[in-house]
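Colleague: Got start-v9.pdb for you, PDB, C-alpha atoms:
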ATOM      1  CA  MET O   1     126.873 125.265   9.867
ATOM      2  CA  ASN O   2     125.026 124.367  13.034
ATOM      3  CA  THR O   3     125.664 121.274  15.156
ATOM      4  CA  LEU O   4     122.789 119.297  13.633
ATOM      5  CA  GLU O   5     124.013 119.975  10.095
ATOM      6  CA  LEU O   6     127.566 119.142  11.128
ATOM      7  CA  LYS O   7     126.480 115.836  12.653
ATOM      8  CA  GLY O   8     124.321 114.889   9.653
ATOM      9  CA  ASN O   9     126.970 115.647   7.048
ATOM     10  CA  TRP O  10     130.051 114.635   9.007
ATOM     11  CA  ASN O  11     131.049 111.642   6.870
ATOM     12  CA  ILE O  12     131.044 113.808   3.745
ATOM     13  CA  ILE O  13     132.916 116.628   5.472
ATOM     14  CA  LYS O  14     135.417 114.165   6.941
ATOM     15  CA  GLY O  15     136.195 112.757   3.495
ATOM     16  CA  LYS O  16     136.745 116.215   2.041
ATOM     17  CA  LEU O  17     139.016 117.210   4.925
ATOM     18  CA  LYS O  18     141.080 114.032   4.462
ATOM     19  CA  GLN O  19     141.438 114.832   0.755
ATOM     20  CA  GLN O  20     142.591 118.369   1.505
ATOM     21  CA  TYR O  21     144.800 117.476   4.491
ATOM     22  CA  ALA O  22     146.377 114.048   4.104
ATOM     23  CA  SER O  23     147.869 114.263   7.602
ATOM     24  CA  LEU O  24     144.426 113.974   9.240
ATOM     25  CA  THR O  25     143.570 110.545  10.630
ATOM     26  CA  ASP O  26     140.247 108.963  11.555
ATOM     27  CA  ASP O  27     141.128 109.606  15.205
ATOM     28  CA  ASP O  28     141.671 113.314  14.474
ATOM     29  CA  LEU O  29     138.288 113.467  12.768
ATOM     30  CA  GLN O  30     136.256 111.499  15.289
ATOM     31  CA  TYR O  31     133.033 113.444  15.899
ATOM     32  CA  VAL O  32     131.567 113.328  19.406
ATOM     33  CA  GLU O  33     128.371 115.248  19.967
ATOM     34  CA  GLY O  34     128.887 118.144  22.365
ATOM     35  CA  ARG O  35     132.657 118.135  21.858
ATOM     36  CA  GLU O  36     132.917 120.154  18.675
ATOM     37  CA  ASP O  37     135.616 122.422  20.155
ATOM     38  CA  GLU O  38     137.846 119.407  20.770
ATOM     39  CA  LEU O  39     137.295 118.317  17.169
ATOM     40  CA  TYR O  40     138.280 121.756  15.894
ATOM     41  CA  GLY O  41     141.350 121.655  18.139
ATOM     42  CA  ARG O  42     142.494 118.302  16.766
ATOM     43  CA  ILE O  43     142.048 119.535  13.194
ATOM     44  CA  GLN O  44     143.891 122.769  14.039
ATOM     45  CA  LYS O  45     146.802 120.856  15.534
ATOM     46  CA  GLN O  46     147.248 118.692  12.433
ATOM     47  CA  THR O  47     146.679 121.374   9.790
ATOM     48  CA  GLY O  48     148.195 124.436  11.437
ATOM     49  CA  GLN O  49     145.048 126.419  10.620
ATOM     50  CA  THR O  50     143.236 128.752  13.024
ATOM     51  CA  LYS O  51     139.916 127.706  14.546
ATOM     52  CA  GLU O  52     138.173 130.264  12.332
ATOM     53  CA  ALA O  53     139.850 128.836   9.223
ATOM     54  CA  VAL O  54     138.821 125.297  10.193
ATOM     55  CA  GLN O  55     135.237 126.436  10.783
ATOM     56  CA  ARG O  56     135.238 128.224   7.416
ATOM     57  CA  ILE O  57     136.511 125.101   5.631
ATOM     58  CA  ILE O  58     133.740 123.040   7.230
ATOM     59  CA  ASP O  59     131.081 125.693   6.570
ATOM     60  CA  GLU O  60     132.082 125.977   2.921
ATOM     61  CA  CYS O  61     131.861 122.230   2.340
ATOM     62  CA  ASP O  62     129.490 121.721  -0.567
ATOM     63  CA  CYS O  63     127.744 118.808   1.158
ATOM     64  CA  CYS O  64     124.535 117.633  -0.431
ATOM     65  CA  GLY O  65     124.562 120.498  -2.921
ATOM     66  CA  GLU O  66     124.534 123.223  -0.250
TER      67      GLU O  66
END
Could you write out this structure as C-alpha coordinates?
Modeller:
Amino acid sequence: MNTLELKGNWNIIKGKLKQQYASLTDDDLQYVEGREDELYGRIQKQTGQTKEAVQRIIDECDCCGE
(Lines of atoms letter the chains of each structure in order from A and count residues from 1; the text may use other names and numbers.)
(Lines give C-alpha, C1' and ligand atoms only; values in the text may rest on other atoms or scores of the structure.)
Protein backbone atom coordinates (compact mmCIF):
# COMPACT_ATOMS: atom_id res chain seq x y z
CA MET A 1 0.00 0.00 0.00
CA ASN A 2 1.50 3.33 -0.95
CA THR A 3 1.43 6.47 1.20
CA LEU A 4 -1.56 7.98 -0.62
CA GLU A 5 -3.62 4.81 -0.16
CA LEU A 6 -2.53 4.59 3.47
CA LYS A 7 -3.57 8.19 4.12
CA GLY A 8 -6.93 7.79 2.35
CA ASN A 9 -7.90 4.59 4.13
CA TRP A 10 -6.31 5.26 7.50
CA ASN A 11 -9.53 5.51 9.54
CA ILE A 12 -10.64 2.10 8.28
CA ILE A 13 -7.21 0.56 8.84
CA LYS A 14 -7.00 2.13 12.30
CA GLY A 15 -10.32 0.58 13.30
CA LYS A 16 -9.26 -2.85 12.11
CA LEU A 17 -5.94 -2.61 13.95
CA LYS A 18 -7.74 -1.61 17.17
CA GLN A 19 -10.04 -4.62 16.79
CA GLN A 20 -7.09 -6.96 16.30
CA TYR A 21 -4.84 -5.37 18.94
CA ALA A 22 -6.83 -3.96 21.84
CA SER A 23 -3.68 -2.50 23.39
CA LEU A 24 -3.35 0.11 20.61
CA THR A 25 -4.52 3.61 21.51
CA ASP A 26 -5.48 6.57 19.35
CA ASP A 27 -2.09 8.09 20.18
CA ASP A 28 -0.32 4.94 18.93
CA LEU A 29 -2.29 5.12 15.70
CA GLN A 30 -1.97 8.83 15.00
CA TYR A 31 -1.05 9.21 11.32
CA VAL A 32 1.26 12.08 10.39
CA GLU A 33 2.13 12.43 6.74
CA GLY A 34 5.83 11.81 6.12
CA ARG A 35 6.26 9.99 9.43
CA GLU A 36 5.07 6.54 8.47
CA ASP A 37 8.16 4.88 9.99
CA GLU A 38 7.33 6.39 13.38
CA LEU A 39 3.78 5.06 13.05
CA TYR A 40 5.07 1.58 12.27
CA GLY A 41 7.42 1.83 15.25
CA ARG A 42 4.61 2.74 17.65
CA ILE A 43 2.49 -0.15 16.37
CA GLN A 44 5.49 -2.51 16.64
CA LYS A 45 6.14 -1.46 20.22
CA GLN A 46 2.55 -2.15 21.30
CA THR A 47 1.99 -5.37 19.35
CA GLY A 48 5.43 -6.98 19.48
CA GLN A 49 5.28 -7.56 15.72
CA THR A 50 8.13 -6.87 13.29
CA LYS A 51 7.95 -3.89 10.94
CA GLU A 52 7.38 -6.29 8.04
CA ALA A 53 4.50 -7.97 9.89
CA VAL A 54 2.91 -4.59 10.65
CA GLN A 55 3.25 -3.54 7.00
CA ARG A 56 1.73 -6.86 5.89
CA ILE A 57 -1.23 -6.41 8.26
CA ILE A 58 -1.85 -2.93 6.86
CA ASP A 59 -1.36 -4.04 3.25
CA GLU A 60 -3.78 -6.93 3.68
CA CYS A 61 -6.51 -4.72 5.11
CA ASP A 62 -9.58 -5.26 2.96
CA CYS A 63 -10.38 -1.54 2.87
CA CYS A 64 -13.02 -0.48 0.39
CA GLY A 65 -13.22 -3.96 -1.10
CA GLU A 66 -9.54 -4.08 -2.09
Colleague: Taking the file as shown, what set of residues would the PyMOL selection byres ((chain O and resi 44) around 12) give back, as number ranges by chain?
Modeller: O: 17, 21, 23-24, 28-29, 37-43, 45-55, 57
Colleague: Skipping near chain neighbours, those fewer than 5 positions away, what residues fall within 12 Å of Asn2 in chain O using only C-alpha atoms, listed as a list in words?
Modeller: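 My reading of the contact set: Lys7, Gly8, Asn9, Trp10, Glu33, Gly34, Glu36, Gln55, Ile58 and Asp59 of chain O.
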Colleague: One decimal, in Å: what's the spacing between CA of Gln20 in chain O and CA of Leu6 in chain O?
Modeller: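 Taking CA of Gln20 in chain O as the start and CA of Leu6 in chain O as the end point, the length is 17.9 Å.
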Colleague: For a quick check of understanding, using all atoms listed in the file, which of O:Arg56, O:Ile12, O:Lys18, O:Thr3 has the smallest distance to Val32 in chain O?
Modeller: O:Thr3
Colleague: Report, as JSON, the axis-aligned box around all atoms of range 13-17 of chain O present in the file, extended by 4 Å on each side; give centre and edge lengths in Å to one decimal place.
Modeller:
{"center_x": 136.0, "center_y": 115.0, "center_z": 4.5, "size_x": 14.1, "size_y": 12.5, "size_z": 12.9}
